[in-house]
Amino acid sequence: MRRASGVPFVSLKPYRGEAGDLIDPVVPEVSALMDRHLARASQVLPFDASDEAVFVAAVWPEAPSLRALLGTLDRRVALCRVDRADLLAAQERVDRSFGRFGQVAVAMGRLDPRELRAALRQQSNGGGRIGDVLISRGALRRLDVAQVAARQARLPFVDLLSGDGSDRARAAWDLMPEVFWRERSAVPIDRLGSRLVVAAEDPTDSQLAEDLETAFAGEVRVVATGRRDVQAALHRRYADEYLASARSERAGRRPLDSARELLSRGQKAGILVLGGVLAAALWRLPGQTAVALNALCQVGYLLLTLFKLWIFREPADGISETGVSDEELGLLAEADLPRYTVFVPLRGEANVLEALMRALEALDYPKDRLDVKLLLEADDPETVSAVFGSRLPDFVDVLVLPAAEPRTKPKACNFGLLHARGEYAVVYDAEDVPDPLQLRKALVAFRRAGPDVGCVQAKLSYYNKNQNLLTRWFTTEYAMWFGLLLPGLQRARMPIPLGGTSNHLRVDVLREIGGWDPYNVTEDADLGVRLHKAGYRTVMVDSETLEEANSEFVNWVRQRSRWVKGYIQTWLVHMRHPLQLWREMGPRGFFGFHAMVAGTPFTFLMNPIYWAMTTAWFLTYWGFVQQVFPSWLYYMGTGNLLLGTFTFAYLNMVAAYRRGDDDLVKYAVFGPVYWGLMSLAAAKALLQLVTRPSHWEKTAHGLTGAAAPPGEIGSATSTRRAG
Amino acid sequence: MLAATAPSPPQPALGPAPSARRRPNEAPALALLAGAIDLAVGIHINLGLHYIESDAFSRVANAFYVLYSRTPHLAAIGFVWNPLPSLLELLLIPLKVLWPPLVTSGLASAVVSAAFGGLAVYLLLCILWDLGLPLAFRAAAGLLFAANPLILLYGANGMTGIMLIATMLGTLRGVLRYLERGSLRSLTAAALWLAVGFVIRYEAAPFGALLGLALLVVLRWKGTGWSRIEAALLIFAAPLVYVSGLWLYLNWLVMKNPLFFMDGTYSNAAISGFGAYGYPLLSQLKGHPLHAAGYVAGFALLFWPVIPAALFAVIQSFGRRRDARMPVLLAATAAVPLLQFALLYRGLSSGVDRYFMYYIPMGFLLIGLFAAKLPRARWRWAPLAALALVLALGDAGTGYALAKSPILGHGDGPDVVSLYQGRVRSEYVARDKVVAYLNAHPDLTVLADSAFAFPIILRVRNPRQLIISSDSAFNSILRNPRGRVDAFLVPAGPADQPNAVANAWPGISSGKISWLHAFATFAGGGIYELYRVGPNAP
């Protein structure tokens, strides 16, 4: 750069760099800062920019008319002199770089021409925007697309990831509600007098500028940016609101419909009254009261056994869940597939990140319509750094939740729900390996089932089933739960306590019912009940997600105690007003709710008491046992013990066989030992319900040496489509 | 032929469609008709001809003790015996206030056996329907089955034979459907029917064992993996094994001997020890396998069509066009006879006709399967009609065998003839005299072994006048009766059956027990004696 008359002279000719590569000193995006026609008429060209200034080349830098034109740049200008021929050549090069998207991408060196031709062929068959097609083919990253689009539109591209652009437009945020910025994927970055500069993921969205101009009553200039840039800016601006919303929106809007308060005042009063009456009865009539309590438990137990037998009467032949054939999958038009959000909450799970990415990549769904949200916690630096340190595919967004209570998965999911862009959403755990066709199967199930279906639940099973005895039992239990019990509930049109993952939800329904309860540690079961109360059905789909079965006893007890605690929480939450619940659910739903949500922990808690009494009787002929078991009750109790024990062990055997886990059938015979472990966990849950009701007992993953090979994902029930 | 769908994963697609019909339309009506006929015959022979089998009557008594003995409790039902018949009859006992003969004549047992008679027809029709046989043939076969003299008798007389047959048919239906369609539901249904069969009669155990063996063979034929076979067999056997274990446990709990049902006081072994099975012919079978085998095989003539049909099934079990259903039906046919072979060889069975009545339903099924293999041509009606005629001739053969053959009619033959001729039994004169005496002396408390005294217990006006075997203090009072009971009731004459009183105090009838004095004797169709407990009793 030479100096003449105080204005430095600049050459805009491309030159060879030290590595021998050709460097063009003109940055086309910067040239887009000025109107192209005005720039040509005035013989000027913005050609580069730094944090402090925009560098503008002019043939006549002293021309008075130039001052007004440079004023439109809204920032400090470093003016340079340039040869006219040099300027004209540079302007030609800039013009050439703003062609069709593909040409621009090729010209920018971001795209191989052969890949462009293949993408164009795919676009002509399956539809979609070429940028999305290129992303789905892995030819471009989303950031590339945003930059190419900016170049094409002759708009500057701004980087918001590291900057603090929102500071200069603090007041402008309030022009529109948060939802506007989020849904339009745009953020205000600067405001100077009557001029507002907005960065948008899609700067060609004319409606965006129009809406803003109406609200702003001034000139709006839209520049391009990336989606992650928008999200970063949104999170900087609305961090507190997002957290408050994820944490307490539901609790704040309907306090009684959340587990934030374990007991309502009415429930506390009820427990006090009931406890008082019981204590008085035990004081005055101990024998009769003990018999009455025992009878109540025995009748409840018997009803539960009969209920489950009734529920299981049909699904043994696999006719209850929605099966999806290859033909039906083939009929799904690629172009009609909606955007699908996938929530993956992660905490302390850096070790399974690689496997998770493999599983997500394996999903057979157009990647341009996948909206994966990795939900991290700010106080989990290991996972955060592992995620940010890895090269994530473009369909993956990372949301980092501020460190705050409650530290629960549902809070993370609510956080993700705020940013969900899909029409449908599904929750997967970090170690999940879903059937690659699961999203498509869920779509078919939704479309076939009708508008009253709010959720499609896929089945869960384990890929490390043969790791040890605990995992074998766990697998047979899941086979029974997802293969027999939940399909049976679906058939009986009763509320389905959803499984922890692989529940596919309509996003509009999810938002309508307020998302997840962040204080409930089995938010899935609670959500299933609330869906039912809101009049939505849940259906099962014959597609599997493989998870890692807990192979360590202590870890298993922690996980199971959380589940039991959550069921009790859920029961308490929905029983704030029993009569209202009856009206909302109807008698069938009401009974099913109690049988599943209250009955499950009830049996876990009752089993050891009765086992202990039976053992005590046979060892010592303790008079107390005889006293609380008059003959009629003794027979009912014996029947419960003998019938119940066999029934559930046998159902586990049948379920294992039905799933094709033939080698597990023999282990299911000894299932009652496993129930002893469940009872242990239930006791822990009961204790923790009082001491730490919303504490999330995190399950450690990655304890198995073997992960499911991607090629075998969900192979028990699904087939891959050819090609 | 078996369908191509082997019962291997993935399973769900193999099940029937939700709307698929599971049973033939005519089955409920024909089952009701058969049950009603059984009940009508049962009432006629019981109330009109005074005919009831003592086993059936005692099962009603067992149910009666639960509610009306001095210490009402469920265990009075006697859990060392296959308890389901009495448990079902227990539901009818309270209805005695509306219709006393349900208890006093033991008609509750006839109601239950008639219900199972109807159920057996229903399940037979379902299997024939599964085989694809036309309505006319099914209806003819169902009615002919119900009309078979032995089937009709056991549907009417309150005994357990027909009950076991119904559960066997339920088991077979499940197994055949499982093999045909891979339906897991059918396999579990088969397993549960089998377990139900076991709580009726323990012949269900060898029946299940042989069916399991047949399943193993057939599944291997079909190329099913060992792991899958093991799982299927576990599911098939688990309920039976569980119930068997429970039975052993209850035997131990009640009698402190898990094998009480096999070697206890009232078991076949004990009864044979008394010489009850000491017929000359049976003696020739003991220890002679060929004789025993010949005896067992000869009973196939109770329903002769089973013989050619079984031969056909044997042929169809081999070769390229083998049919997997054939070995299953052959195993089902052979199971109980094989058990009887073992028992007769050891001298532990009375070898009566009712132990071989299972040939009859298996004969109907084998003929049905033969019919199902006929080509579906226009002339098919002719061979089907001929096969129906064969079944009718089989029924006639049953009647002929019972009436004319002292071997094949061993057990029920004479009864069938006398019932057919409408002759009234009058062998309960002594029993009724005891009842009249007790009713006339309501303050008299009497201890009696219910194994022989049950007809009296059921008929006496106040059953609590009697201290019976299921009362918790029975043994104590028997050993130390002074001041606790007025008299002992004992059957007189040569002891041909176990009797707790005589066992405890041998020599009663010969006056060797000084504190027992006979003060009343009742004769007619047996002799009973009442012994007063003297003041010098222990």
# chains A, B, ... in the order shown; residues from 1 in each chain; ligands from 1
>>> residues_around(residues="A:Phe157", least_positions_apart="5", cutoff="7 Å", atoms="only C-alpha atoms", output="ChimeraX atom specification")
/A:29,147,150,223-225
>>> residues_around(residues="B:Ala332", least_positions_apart="5", cutoff="8 Å", atoms="only C-alpha atoms", output="PDB file with C-alpha atoms, in the first residue's frame")
ATOM      1  CA  LEU B 172     -53.709 -80.200  21.713  1.00  0.00           C
ATOM      2  CA  PHE B 207     -49.424 -86.494  28.550  1.00  0.00           C
ATOM      3  CA  LEU B 210     -44.906 -86.958  25.587  1.00  0.00           C
ATOM      4  CA  LEU B 211     -46.327 -83.909  23.873  1.00  0.00           C
ATOM      5  CA  MET B 362     -57.684 -89.152  20.146  1.00  0.00           C
TER       6      MET B 362
END
>>> residues_around(residues="stretch 142-151 of chain B", least_positions_apart="4", cutoff="7 Å", atoms="only C-alpha atoms", output="CSV table (one decimal) with C-alpha atoms, in the first residue's frame")
chain,number,residue,atom,x,y,z
B,34,ALA,CA,-73.8,-81.8,24.7
B,121,VAL,CA,-67.1,-81.0,22.5
B,124,LEU,CA,-63.0,-80.8,19.6
B,125,LEU,CA,-65.0,-78.8,17.2
B,138,ARG,CA,-67.6,-81.2,12.3
B,155,GLY,CA,-69.9,-86.4,31.3
B,162,ILE,CA,-64.1,-86.1,30.9
B,391,LEU,CA,-67.0,-92.7,14.0
B,392,ALA,CA,-70.6,-93.9,14.6
B,395,ASP,CA,-69.3,-95.4,19.3
B,398,THR,CA,-67.6,-98.8,22.6
B,399,GLY,CA,-71.0,-99.8,23.7
>>> residues_around(residues="B:Leu32", least_positions_apart="4", cutoff="9 Å", atoms="only C-alpha atoms", output="list in words")
Ala27, Pro28, Ala36, Ile37, Ala115, Gly118, Leu119, Val121 and Tyr122 of chain B
>>> write_last_selection(atoms="C-alpha atoms", output="PDB file, in the first residue's frame")
ATOM      1  CA  ALA B  27     -69.265 -74.755  18.571  1.00  0.00           C
ATOM      2  CA  PRO B  28     -71.019 -72.888  21.408  1.00  0.00           C
ATOM      3  CA  ALA B  36     -77.201 -80.177  28.675  1.00  0.00           C
ATOM      4  CA  ILE B  37     -77.554 -83.797  27.599  1.00  0.00           C
ATOM      5  CA  ALA B 115     -69.821 -78.531  31.892  1.00  0.00           C
ATOM      6  CA  GLY B 118     -69.679 -79.497  26.797  1.00  0.00           C
ATOM      7  CA  LEU B 119     -66.228 -77.919  26.877  1.00  0.00           C
ATOM      8  CA  VAL B 121     -67.131 -80.966  22.500  1.00  0.00           C
ATOM      9  CA  TYR B 122     -66.394 -77.277  22.010  1.00  0.00           C
TER      10      TYR B 122
END
>>> select_by_dssp(residues="stretch 175-365 of chain A", states="strand (DSSP E)", output="ChimeraX atom specification")
/A:186-192,195-200,219-224,340-345
>>> select_by_dssp(residues="stretch 14-99 of chain B", states="alpha helix (DSSP H)", output="number ranges by chain")
B: 27-43, 54-68, 84-90
>>> residues_around(residues="A:Pro402", least_positions_apart="4", cutoff="9 Å", atoms="only C-alpha atoms", output="MDAnalysis selection string")
chainID A and resid 239:240 243 376:379
>>> residues_around(residues="A:Met636", least_positions_apart="4", cutoff="12 Å", atoms="only C-alpha atoms", output="MDAnalysis selection string")
(chainID A and resid 294:303 629:632 640:644) or (chainID B and resid 74)
>>> write_last_selection(atoms="N, CA and C atoms", output="PDB file, in the first residue's frame")
ATOM      1  N   ASN A 294     -54.304 -55.412  55.993  1.00  0.00           N
ATOM      2  CA  ASN A 294     -53.814 -56.566  55.240  1.00  0.00           C
ATOM      3  C   ASN A 294     -54.797 -56.926  54.125  1.00  0.00           C
ATOM      4  N   ALA A 295     -56.085 -56.915  54.478  1.00  0.00           N
ATOM      5  CA  ALA A 295     -57.107 -57.264  53.483  1.00  0.00           C
ATOM      6  C   ALA A 295     -57.086 -56.275  52.326  1.00  0.00           C
ATOM      7  N   LEU A 296     -56.912 -55.016  52.658  1.00  0.00           N
ATOM      8  CA  LEU A 296     -56.873 -53.977  51.620  1.00  0.00           C
ATOM      9  C   LEU A 296     -55.710 -54.235  50.663  1.00  0.00           C
ATOM     10  N   CYS A 297     -54.561 -54.535  51.244  1.00  0.00           N
ATOM     11  CA  CYS A 297     -53.378 -54.808  50.418  1.00  0.00           C
ATOM     12  C   CYS A 297     -53.576 -56.067  49.585  1.00  0.00           C
ATOM     13  N   GLN A 298     -54.148 -57.085  50.198  1.00  0.00           N
ATOM     14  CA  GLN A 298     -54.334 -58.347  49.477  1.00  0.00           C
ATOM     15  C   GLN A 298     -55.308 -58.170  48.314  1.00  0.00           C
ATOM     16  N   VAL A 299     -56.377 -57.443  48.572  1.00  0.00           N
ATOM     17  CA  VAL A 299     -57.354 -57.218  47.495  1.00  0.00           C
ATOM     18  C   VAL A 299     -56.699 -56.413  46.376  1.00  0.00           C
ATOM     19  N   GLY A 300     -55.921 -55.392  46.781  1.00  0.00           N
ATOM     20  CA  GLY A 300     -55.217 -54.588  45.779  1.00  0.00           C
ATOM     21  C   GLY A 300     -54.270 -55.446  44.958  1.00  0.00           C
ATOM     22  N   TYR A 301     -53.557 -56.309  45.637  1.00  0.00           N
ATOM     23  CA  TYR A 301     -52.595 -57.180  44.961  1.00  0.00           C
ATOM     24  C   TYR A 301     -53.318 -58.096  43.974  1.00  0.00           C
ATOM     25  N   LEU A 302     -54.419 -58.654  44.450  1.00  0.00           N
ATOM     26  CA  LEU A 302     -55.177 -59.574  43.598  1.00  0.00           C
ATOM     27  C   LEU A 302     -55.713 -58.845  42.362  1.00  0.00           C
ATOM     28  N   LEU A 303     -56.238 -57.645  42.601  1.00  0.00           N
ATOM     29  CA  LEU A 303     -56.767 -56.874  41.472  1.00  0.00           C
ATOM     30  C   LEU A 303     -55.660 -56.569  40.468  1.00  0.00           C
ATOM     31  N   PHE A 629     -53.670 -62.831  59.524  1.00  0.00           N
ATOM     32  CA  PHE A 629     -54.117 -63.656  58.395  1.00  0.00           C
ATOM     33  C   PHE A 629     -55.215 -64.621  58.842  1.00  0.00           C
ATOM     34  N   PRO A 630     -56.429 -64.130  59.076  1.00  0.00           N
ATOM     35  CA  PRO A 630     -57.529 -65.067  59.293  1.00  0.00           C
ATOM     36  C   PRO A 630     -57.663 -65.945  58.059  1.00  0.00           C
ATOM     37  N   SER A 631     -58.315 -67.093  58.219  1.00  0.00           N
ATOM     38  CA  SER A 631     -58.206 -68.106  57.171  1.00  0.00           C
ATOM     39  C   SER A 631     -58.570 -67.585  55.782  1.00  0.00           C
ATOM     40  N   TRP A 632     -59.644 -66.781  55.679  1.00  0.00           N
ATOM     41  CA  TRP A 632     -60.056 -66.319  54.339  1.00  0.00           C
ATOM     42  C   TRP A 632     -58.979 -65.452  53.715  1.00  0.00           C
ATOM     43  N   ASN A 640     -52.377 -65.097  46.091  1.00  0.00           N
ATOM     44  CA  ASN A 640     -51.615 -63.981  45.516  1.00  0.00           C
ATOM     45  C   ASN A 640     -50.155 -64.350  45.342  1.00  0.00           C
ATOM     46  N   LEU A 641     -49.622 -64.959  46.374  1.00  0.00           N
ATOM     47  CA  LEU A 641     -48.201 -65.326  46.337  1.00  0.00           C
ATOM     48  C   LEU A 641     -47.944 -66.339  45.223  1.00  0.00           C
ATOM     49  N   LEU A 642     -48.781 -67.369  45.217  1.00  0.00           N
ATOM     50  CA  LEU A 642     -48.527 -68.460  44.266  1.00  0.00           C
ATOM     51  C   LEU A 642     -48.896 -68.056  42.844  1.00  0.00           C
ATOM     52  N   LEU A 643     -50.066 -67.448  42.699  1.00  0.00           N
ATOM     53  CA  LEU A 643     -50.514 -67.066  41.362  1.00  0.00           C
ATOM     54  C   LEU A 643     -49.690 -65.896  40.834  1.00  0.00           C
ATOM     55  N   GLY A 644     -49.510 -64.883  41.711  1.00  0.00           N
ATOM     56  CA  GLY A 644     -48.784 -63.689  41.275  1.00  0.00           C
ATOM     57  C   GLY A 644     -47.360 -64.018  40.886  1.00  0.00           C
TER      58      GLY A 644
ATOM     59  N   LEU B  74     -60.390 -73.906  53.958  1.00  0.00           N
ATOM     60  CA  LEU B  74     -60.203 -74.350  52.563  1.00  0.00           C
ATOM     61  C   LEU B  74     -59.382 -75.635  52.495  1.00  0.00           C
TER      62      LEU B  74
END
>>> residues_around(residues="B:Gly42", least_positions_apart="6", cutoff="6 Å", atoms="only C-alpha atoms", output="list of chain:residue names")
B:Ala110, B:Ala156, B:Asn157
>>> atom_distance(atom1="atom CA of A:Asp662", atom2="atom CA of B:Ile229")
8.4 Å
>>> closest_residue(among="B:His50, B:Arg185, B:Lys373, B:Lys512", to="chain A", atoms="only C-alpha atoms")
B:Arg185
